[in-house]
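Okay, structure first, notes after.
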Amino acid sequence: MTDSGSNETGGDADGRHRRILTLLESCTSADKVLELPSVAEIRYDLHSPFQGSEILECIKNIWMPILERRDRWQPQREPTETAKSAAWRSASLALSTHFAAAISISDSIFMGGRNGGWSPFLKSFQTSLLTAEYGIDAAIERRILSEFCAGWWDANFMEVVGSAAMGKTPVGYDLFVFWSLEHIAEVALAHQSCEHLAMGHVLSNSLARRAREAVDRRDRADIEFRDSHWRDAVSARELAKLASRQPEMIEKYGYKNVEGRFEESLSLLMQSLGFMVVPTRQGQRRVDMICISPGGDGEPFTILVEAKSSHNNYTLPTKDSRAIAEYVDSVRSRLRTLPPLKLVLIVGPEGSKTLPGKVKDLDVDSPVPVRYVSAGLLNHLRYSLRGVVPPRSFLRAMVAADGVVVSDDVRAVVATHRSTAAAHSDFIAKLLEG
């Protein structure tokens with residue numbers, strides 16, 4: 001069969017399709033099946049899903065007599081029973097290559113339930129394969145094909161129901177696909193024939209490709225679901241990537257929106273730590289948000305938080321340092337009705353080598369402590385604790401830092417929180433015992 005290329009007209013494509021159907025329908029014996037052209041010659045990739053589904057039906061109708069070893073389909077060209085058995089297996093192997101190619105292009109037809117005939121998703125073909133008895137070779141071939149059909153169905157189902165991680169299904173259906181692949185390999189080895197080994201390879205390779213597609217589509221759908229339903233949690237987890245303006249964040253939110261998204265995510269994280277957050281107006285010469293502690297373990301206080309996002313390690317340029325200093329002076333004189341200002345916290349990507357010295361210089365010139373913390377470290381604090389942080393311990397740890405907050409400073413907050421939580425639990429337990 002000559003290849004007319006991928007630019008053939010609709011009429012040429014229909015003609016190709018009709019010729020393939022005629023060729024398949026002329027296969028009335030194992031010998032005829034062995035004369036079929038290869039998958040590469042037929043060029044399944046040039047067919048529409050509907051054409052592929054028709055071809056798949058035709059292949060199934062040819063394959064069943066082979067799988068049942070029907071007498072009138074007996075190989076006639078082989079003189080011995082051993083040679084005839086090998087010819088049967090070779091015919092089944094040949095059809096497996098065409099079956100895998102055809103189902104790959106016609107999958108959308110079966111998923112939509114529009115084929116009107118056999119479908120692997122109804123498992124009717126699978127059932128008929130498992131209930132017949134036509135010899136060990138045929139049994140192996142039927143089992144391999146049955147596992148392939150089951151795995152293909154599970155791959156499609158996995159794509160529809162989503163993942164267990166999103167709570168959409170009790171167990172991930174990729175597990176069942178893995179079992180099908182494992183069973184195909186086991187069964188293909190049962191009789192140690194090269195035809196069965198090759199058939200197992202053809203079908204498991206096709207199933208693995210389909211499963212990878214299903215996983216990609218399922219994961220994309222799950223990510224969209226996660227982003228729309230768990231927006232606050234997602235925003236906090238993306239904080240470090242937004243701070244460093246990573247390419248995936250720019251692609252996801254747009255170059256001009258990354259900074260605003262970072263500030264929004266930082267605001268959500270500070271709220272989750274227990275602070276009341278008041279954002280300031282964007283584009284003005286001022287810090288990005290005012291965070292007020294709830295009190296609880298002492299008098300409430302105020303923190304000014306400045307969000308800085310950058311592709312490179314943050315350096316605290318002179319213009320930023322000057323703007324922060326000017327705004328601190330302004331805030332201290334104006335915010336008379338708010339709790340006292342105790343800290344200026346700059347949050348951004350990892351800092352440059354010169355950052356600690358610059359933060360210390362700004363701290364010396366400022367009437368309140370100035371500290372820098374990376375977004376990744378602040379995010380680590382959030383996910384190391386359950387619930388809000390003790391505000392005073394958070395403030396003490398930030399102030400105690402030597403300009404730039406490091407891991408040990410964050411661990412001090414975590415340790416205080418866990419110690420307090422353990423003491424409360426012990427106190428309540430003793431009350432209940434009494």
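Within each chain, counting starts at residue 1; across the structure tokens, chains are named A, B, ... in the order shown, with ligands numbered 1 upward in that order.
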
- Name all residues at most 6 Å from A:Ser106 (count only C-alpha atoms; drop same-chain ones fewer than 5 positions away) and give them as a list in words.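 Here the qualifying residues turn out to be Pro49, Gly52 and Ser53 of chain A.
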
For stretch 212-271 of chain A versus stretch 366-378 of chain A, which residues have an atom no more than 8 Å away, and what is each residue's nearest atom pair and distance in Å rounded to one decimal, using only C-alpha atoms, chain-then-number order, as a tab-separated table?
```
residue	atom	partner	partner_atom	distance
A:Leu239	CA	A:Ala375	CA	6.1
A:Ala240	CA	A:Gly376	CA	4.7
A:Ala243	CA	A:Ala375	CA	6.5
```

- Find, counting only C-alpha atoms, the residue in A:Ile103, A:Ile303, A:Ala139, A:Lys60 that gets nearest to A:Arg210.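 With only C-alpha atoms as the atom set, the closest residue is A:Ile103.
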
- Query: Closest to A:Leu56 among A:Arg69, A:Arg77, A:Arg16, A:His98, using only C-alpha atoms?
  - Reply: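 So, comparing all the options, the nearest one is A:His98.
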
- Message: as a list in words, please: the residues near A:Pro300 (cut-off 12 Å, only C-alpha atoms, same-chain neighbours under 5 positions excluded).
- Response: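 Here the answer would be Gly274, Phe275, Met276, Cys291, Ile292, Ser293, Pro294, Gly295, Leu338, Pro339, Pro340, Leu341, Lys342, Pro390, Pro391, Arg392 and Leu395 of chain A.
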
Expected file contents, prior selection, all heavy atoms, as a CSV table (one decimal), in the first residue's frame:
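Final output, saved to part12.csv:
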```
chain,number,residue,atom,x,y,z
A,274,GLY,N,-2.1,34.1,61.9
A,274,GLY,CA,-2.9,34.7,62.9
A,274,GLY,C,-3.0,36.2,62.9
A,274,GLY,O,-3.6,36.8,63.8
A,275,PHE,N,-2.4,36.9,62.0
A,275,PHE,CA,-2.4,38.4,61.9
A,275,PHE,C,-3.6,38.9,61.2
A,275,PHE,O,-4.0,38.2,60.2
A,275,PHE,CB,-1.1,38.9,61.3
A,275,PHE,CG,0.2,38.7,62.1
A,275,PHE,CD1,0.9,37.5,61.9
A,275,PHE,CD2,0.5,39.6,63.0
A,275,PHE,CE1,2.1,37.3,62.7
A,275,PHE,CE2,1.7,39.4,63.8
A,275,PHE,CZ,2.5,38.3,63.6
A,276,MET,N,-4.1,40.0,61.6
A,276,MET,CA,-5.0,40.8,60.8
A,276,MET,C,-4.2,41.6,59.8
A,276,MET,O,-3.3,42.4,60.2
A,276,MET,CB,-5.9,41.7,61.6
A,276,MET,CG,-7.0,42.4,60.8
A,276,MET,SD,-8.0,43.4,61.8
A,276,MET,CE,-6.9,44.8,62.2
A,291,CYS,N,0.4,44.4,59.4
A,291,CYS,CA,-0.1,43.2,60.0
A,291,CYS,C,-0.2,43.5,61.5
A,291,CYS,O,0.7,44.0,62.2
A,291,CYS,CB,0.8,42.1,59.8
A,291,CYS,SG,1.1,41.6,58.1
A,292,ILE,N,-1.4,43.2,62.1
A,292,ILE,CA,-1.7,43.5,63.5
A,292,ILE,C,-1.9,42.2,64.2
A,292,ILE,O,-2.7,41.4,63.8
A,292,ILE,CB,-2.9,44.4,63.6
A,292,ILE,CG1,-2.8,45.7,62.8
A,292,ILE,CG2,-3.2,44.7,65.1
A,292,ILE,CD1,-4.0,46.5,62.7
A,293,SER,N,-1.2,42.0,65.3
A,293,SER,CA,-1.3,40.8,66.1
A,293,SER,C,-2.6,40.8,66.9
A,293,SER,O,-3.1,41.8,67.2
A,293,SER,CB,-0.1,40.6,67.0
A,293,SER,OG,-0.3,41.4,68.2
A,294,PRO,N,-3.1,39.6,67.2
A,294,PRO,CA,-4.3,39.5,67.9
A,294,PRO,C,-4.1,39.6,69.4
A,294,PRO,O,-5.1,39.6,70.2
A,294,PRO,CB,-4.8,38.1,67.6
A,294,PRO,CG,-3.6,37.3,67.4
A,294,PRO,CD,-2.6,38.3,66.7
A,295,GLY,N,-2.9,39.8,69.9
A,295,GLY,CA,-2.6,39.8,71.3
A,295,GLY,C,-2.6,38.4,71.8
A,295,GLY,O,-1.9,37.5,71.2
A,338,LEU,N,-3.5,52.5,66.4
A,338,LEU,CA,-3.1,51.1,66.2
A,338,LEU,C,-2.2,50.7,67.3
A,338,LEU,O,-1.5,51.5,67.9
A,338,LEU,CB,-2.6,50.9,64.8
A,338,LEU,CG,-3.5,51.0,63.6
A,338,LEU,CD1,-2.8,50.7,62.3
A,338,LEU,CD2,-4.7,50.1,63.8
A,339,PRO,N,-2.0,49.4,67.5
A,339,PRO,CA,-1.0,48.9,68.4
A,339,PRO,C,0.4,49.4,68.0
A,339,PRO,O,0.6,49.7,66.8
A,339,PRO,CB,-1.1,47.4,68.3
A,339,PRO,CG,-2.5,47.1,67.9
A,339,PRO,CD,-2.8,48.3,66.9
A,340,PRO,N,1.3,49.5,68.9
A,340,PRO,CA,2.6,50.0,68.6
A,340,PRO,C,3.4,49.2,67.6
A,340,PRO,O,3.3,48.0,67.5
A,340,PRO,CB,3.4,49.9,70.0
A,340,PRO,CG,2.6,48.9,70.8
A,340,PRO,CD,1.2,49.0,70.3
A,341,LEU,N,4.1,50.0,66.7
A,341,LEU,CA,4.9,49.3,65.7
A,341,LEU,C,6.2,48.7,66.3
A,341,LEU,O,6.9,49.4,66.9
A,341,LEU,CB,5.3,50.4,64.6
A,341,LEU,CG,6.2,50.0,63.5
A,341,LEU,CD1,5.4,48.9,62.6
A,341,LEU,CD2,6.5,51.2,62.6
A,342,LYS,N,6.3,47.4,66.0
A,342,LYS,CA,7.4,46.7,66.6
A,342,LYS,C,8.5,46.1,65.6
A,342,LYS,O,9.5,45.7,66.0
A,342,LYS,CB,6.9,45.5,67.5
A,342,LYS,CG,6.1,45.9,68.6
A,342,LYS,CD,6.9,46.6,69.7
A,342,LYS,CE,6.1,46.9,70.9
A,342,LYS,NZ,6.9,47.6,72.0
A,390,PRO,N,2.2,31.6,68.0
A,390,PRO,CA,2.1,32.6,69.1
A,390,PRO,C,2.8,33.9,68.7
A,390,PRO,O,3.9,34.0,68.3
A,390,PRO,CB,3.0,31.9,70.2
A,390,PRO,CG,3.1,30.4,69.7
A,390,PRO,CD,3.0,30.5,68.2
A,391,PRO,N,2.0,35.0,68.7
A,391,PRO,CA,2.5,36.2,68.1
A,391,PRO,C,3.8,36.8,68.7
A,391,PRO,O,4.7,37.2,68.1
A,391,PRO,CB,1.3,37.2,68.3
A,391,PRO,CG,0.4,36.6,69.3
A,391,PRO,CD,0.6,35.1,69.2
A,392,ARG,N,3.8,36.7,70.1
A,392,ARG,CA,5.0,37.2,70.8
A,392,ARG,C,6.3,36.4,70.4
A,392,ARG,O,7.4,36.9,70.3
A,392,ARG,CB,4.8,37.2,72.3
A,392,ARG,CG,3.9,38.3,72.7
A,392,ARG,CD,4.7,39.6,72.7
A,392,ARG,NE,3.8,40.8,72.8
A,392,ARG,CZ,4.2,42.1,72.8
A,392,ARG,NH1,5.5,42.3,72.7
A,392,ARG,NH2,3.3,43.0,72.8
A,395,LEU,N,7.4,37.4,67.0
A,395,LEU,CA,8.1,38.7,67.1
A,395,LEU,C,9.5,38.6,67.7
A,395,LEU,O,10.4,39.1,67.1
A,395,LEU,CB,7.2,39.7,67.9
A,395,LEU,CG,7.8,41.1,68.1
A,395,LEU,CD1,8.0,41.8,66.7
A,395,LEU,CD2,7.0,41.9,69.0
```
